[in-house]
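Okay, so here's the structure we're looking at.
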Amino acid sequence: MSSVVVSGLVLPVSVGGHPALDFCNTRAGWGARAPKEYLLSYDHLAVWSREVGVFRPSQVAAFRRTATADPVAAQQVLAAALVLREAAYAVLLGSRSASEFSVVAAHASAARGAATLRRSPSGGGSLARWTIPVDGVNAPLLGVAAQLDDLLSSPLSGVVAACPGVGCGWLFADPRRRRRWCDMAVCGNRAKARRHAERLAAHRARHVPPERPIRA
């Protein structure tokens, strides 16, 4: 899996094709004994939301200041985001669990309830857009939930696939059903190298001459 350092924080690269999928990809190694965690703090969540375009830099700066003044609330937001991510990952891969869907639905409903319809800037492509308030510490959680709402209510949610790479499991949109890896240069090449090593080992095993008995 690929990562970048942004504002001194290690974050995953965006490969999902939608911010909600990239949110699920803030964890790697789904199902593994020791998964890779990228959302290590509230700041990781906040900066990540900026990098994938959920919020503008000025908005992120605003709710990061709020979080600094209330670290307990910030930690609660992070914990809730991790629970939401777990449920969203399962739902996007087709889980029929009512409890997992209810977690996602509750957060999506909260995001809709908090959003305000505002006029778009001229030339923005639409007359208005829903916006999430950024004056509270829970802004990044609401932003993520709004993105999940957007994805799950669109046809794109029906073409989500998971990377089969060892220690990966990242999600991505695959409308043409032709994509196998989250990143061919990373997981794809690792799989190729692993298969090549296995073939070499098998070839050597077949061609190693039997040991000759030692004569006294």
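Labels for the structure tokens follow display order: chains A, B, ..., residues from 1 in each chain, ligands from 1.
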
Residues within 7 Å of stretch 76-80 of chain A, only C-alpha atoms, excluding chain neighbours under 2 positions, as a PyMOL selection string = chain A and resi 41-42+72-74+82-84+138+141

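Distances here use only C-alpha atoms; by that measure, the residue among A:Pro133, A:Arg178, A:Ala81, A:Val6 closest to A:Gln59 is A:Pro133.
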
Determine, using only C-alpha atoms, which residues of stretch 124-181 of chain A have any atom at most 10 Å from an atom of stretch 31-37 of chain A, and tabulate each with its shortest atom pair and distance in Å to one decimal place, rows ordered by chain and then rising number, as a tab-separated table.
residue	atom	partner	partner_atom	distance
A:Val166	CA	A:Ala32	CA	9.0
A:Gly167	CA	A:Ala32	CA	6.6
A:Cys168	CA	A:Pro35	CA	8.5
A:Gly169	CA	A:Gly31	CA	8.3

task = Show which residues sit within 8 Å of stretch 102-109 of chain A, as a ChimeraX atom specification. Count only C-alpha atoms, and ignore same-chain residues fewer than 4 positions away.
result = /A:84,87-88,98,113,142,145-146,148-149

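Atom CA of A:Ser3 is positioned 13.2 Å from atom CA of A:Val52.
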
key: Close residues, A:Ser7 itself excluded, 10 Å, only C-alpha atoms, min 4 positions apart in chain, as a PyMOL selection string   = chain A and resi 11+43-44+47

request  = Report the residues of chain A whose backbone DSSP state falls under strand (DSSP E), written as number ranges by chain.
outcome  = A: 3-6, 9-12, 27-28, 36-37, 116-119, 128-131, 160-162, 171-173

May I have the selected residues written with N, CA and C atoms, as an mmCIF file, in the first residue's frame?
data_model
loop_
_atom_site.group_PDB
_atom_site.id
_atom_site.type_symbol
_atom_site.label_atom_id
_atom_site.label_comp_id
_atom_site.auth_asym_id
_atom_site.auth_seq_id
_atom_site.Cartn_x
_atom_site.Cartn_y
_atom_site.Cartn_z
ATOM 1 N N SER A 3 1.654 5.320 0.668
ATOM 2 C CA SER A 3 1.319 6.380 1.610
ATOM 3 C C SER A 3 2.127 7.622 1.284
ATOM 4 N N VAL A 4 1.685 8.748 1.829
ATOM 5 C CA VAL A 4 2.374 10.024 1.656
ATOM 6 C C VAL A 4 2.457 10.703 3.016
ATOM 7 N N VAL A 5 3.398 11.599 3.152
ATOM 8 C CA VAL A 5 3.528 12.382 4.379
ATOM 9 C C VAL A 5 2.980 13.781 4.105
ATOM 10 N N VAL A 6 1.946 14.151 4.851
ATOM 11 C CA VAL A 6 1.288 15.448 4.684
ATOM 12 C C VAL A 6 1.228 16.130 6.043
ATOM 13 N N LEU A 9 2.207 14.034 8.843
ATOM 14 C CA LEU A 9 1.391 12.864 9.147
ATOM 15 C C LEU A 9 1.418 11.887 7.973
ATOM 16 N N VAL A 10 1.520 10.601 8.273
ATOM 17 C CA VAL A 10 1.517 9.579 7.231
ATOM 18 C C VAL A 10 0.069 9.232 6.898
ATOM 19 N N LEU A 11 -0.294 9.418 5.628
ATOM 20 C CA LEU A 11 -1.657 9.161 5.176
ATOM 21 C C LEU A 11 -1.635 8.262 3.946
ATOM 22 N N PRO A 12 -2.681 7.484 3.726
ATOM 23 C CA PRO A 12 -2.726 6.630 2.538
ATOM 24 C C PRO A 12 -2.997 7.446 1.285
ATOM 25 N N ARG A 27 -7.440 2.270 6.608
ATOM 26 C CA ARG A 27 -6.958 1.058 7.269
ATOM 27 C C ARG A 27 -6.566 0.075 6.170
ATOM 28 N N ALA A 28 -5.488 -0.633 6.370
ATOM 29 C CA ALA A 28 -5.054 -1.654 5.415
ATOM 30 C C ALA A 28 -4.854 -2.959 6.150
ATOM 31 N N LYS A 36 -2.831 -2.336 9.302
ATOM 32 C CA LYS A 36 -2.136 -1.050 9.287
ATOM 33 C C LYS A 36 -3.163 0.049 9.504
ATOM 34 N N GLU A 37 -2.971 0.850 10.536
ATOM 35 C CA GLU A 37 -3.887 1.932 10.876
ATOM 36 C C GLU A 37 -3.282 3.276 10.503
ATOM 37 N N THR A 116 -26.627 22.266 5.396
ATOM 38 C CA THR A 116 -27.413 23.426 4.969
ATOM 39 C C THR A 116 -27.269 23.597 3.463
ATOM 40 N N LEU A 117 -28.374 23.849 2.793
ATOM 41 C CA LEU A 117 -28.324 24.084 1.349
ATOM 42 C C LEU A 117 -27.925 25.529 1.097
ATOM 43 N N ARG A 118 -26.815 25.707 0.383
ATOM 44 C CA ARG A 118 -26.308 27.049 0.104
ATOM 45 C C ARG A 118 -26.108 27.234 -1.392
ATOM 46 N N ARG A 119 -26.191 28.483 -1.808
ATOM 47 C CA ARG A 119 -25.937 28.793 -3.210
ATOM 48 C C ARG A 119 -24.495 28.458 -3.570
ATOM 49 N N ALA A 128 -26.867 25.177 -6.291
ATOM 50 C CA ALA A 128 -26.722 25.083 -4.838
ATOM 51 C C ALA A 128 -26.062 23.768 -4.462
ATOM 52 N N ARG A 129 -25.606 23.697 -3.221
ATOM 53 C CA ARG A 129 -24.989 22.464 -2.722
ATOM 54 C C ARG A 129 -25.186 22.362 -1.217
ATOM 55 N N TRP A 130 -25.201 21.127 -0.735
ATOM 56 C CA TRP A 130 -25.307 20.892 0.697
ATOM 57 C C TRP A 130 -23.940 21.063 1.332
ATOM 58 N N THR A 131 -23.885 21.791 2.429
ATOM 59 C CA THR A 131 -22.617 22.025 3.113
ATOM 60 C C THR A 131 -22.721 21.614 4.576
ATOM 61 N N VAL A 160 -18.237 -1.832 -6.237
ATOM 62 C CA VAL A 160 -17.092 -1.706 -5.338
ATOM 63 C C VAL A 160 -16.388 -3.053 -5.221
ATOM 64 N N ALA A 161 -15.074 -3.032 -5.316
ATOM 65 C CA ALA A 161 -14.271 -4.248 -5.189
ATOM 66 C C ALA A 161 -13.186 -4.023 -4.152
ATOM 67 N N ALA A 162 -12.653 -5.126 -3.630
ATOM 68 C CA ALA A 162 -11.573 -5.068 -2.642
ATOM 69 C C ALA A 162 -10.307 -5.648 -3.235
ATOM 70 N N LEU A 171 -10.490 -0.714 -0.877
ATOM 71 C CA LEU A 171 -11.649 -0.680 -1.754
ATOM 72 C C LEU A 171 -11.428 0.287 -2.912
ATOM 73 N N PHE A 172 -12.075 -0.027 -4.025
ATOM 74 C CA PHE A 172 -12.039 0.877 -5.172
ATOM 75 C C PHE A 172 -13.274 0.638 -6.027
ATOM 76 N N ALA A 173 -13.663 1.665 -6.766
ATOM 77 C CA ALA A 173 -14.787 1.551 -7.691
ATOM 78 C C ALA A 173 -14.290 0.900 -8.979
#

message = List as an NGL selection string the protein and nucleic acid residues near A:Val134, meaning an atom at most 10 Å away when only C-alpha atoms are counted, but skip any in the same chain fewer than 3 places from it.
response = :A and (55 or 58-64 or 66 or 131 or 137-140 or 142-143)

message = Which residue is closest to A:Gly94? Choose from A:Val159, A:Val144, A:Ala67, A:Leu151 and count only C-alpha atoms.
response = A:Val159

remark   = In Å and to one decimal, atom CA of A:Leu152 is distant from atom CA of A:Val54 by 16.3 Å
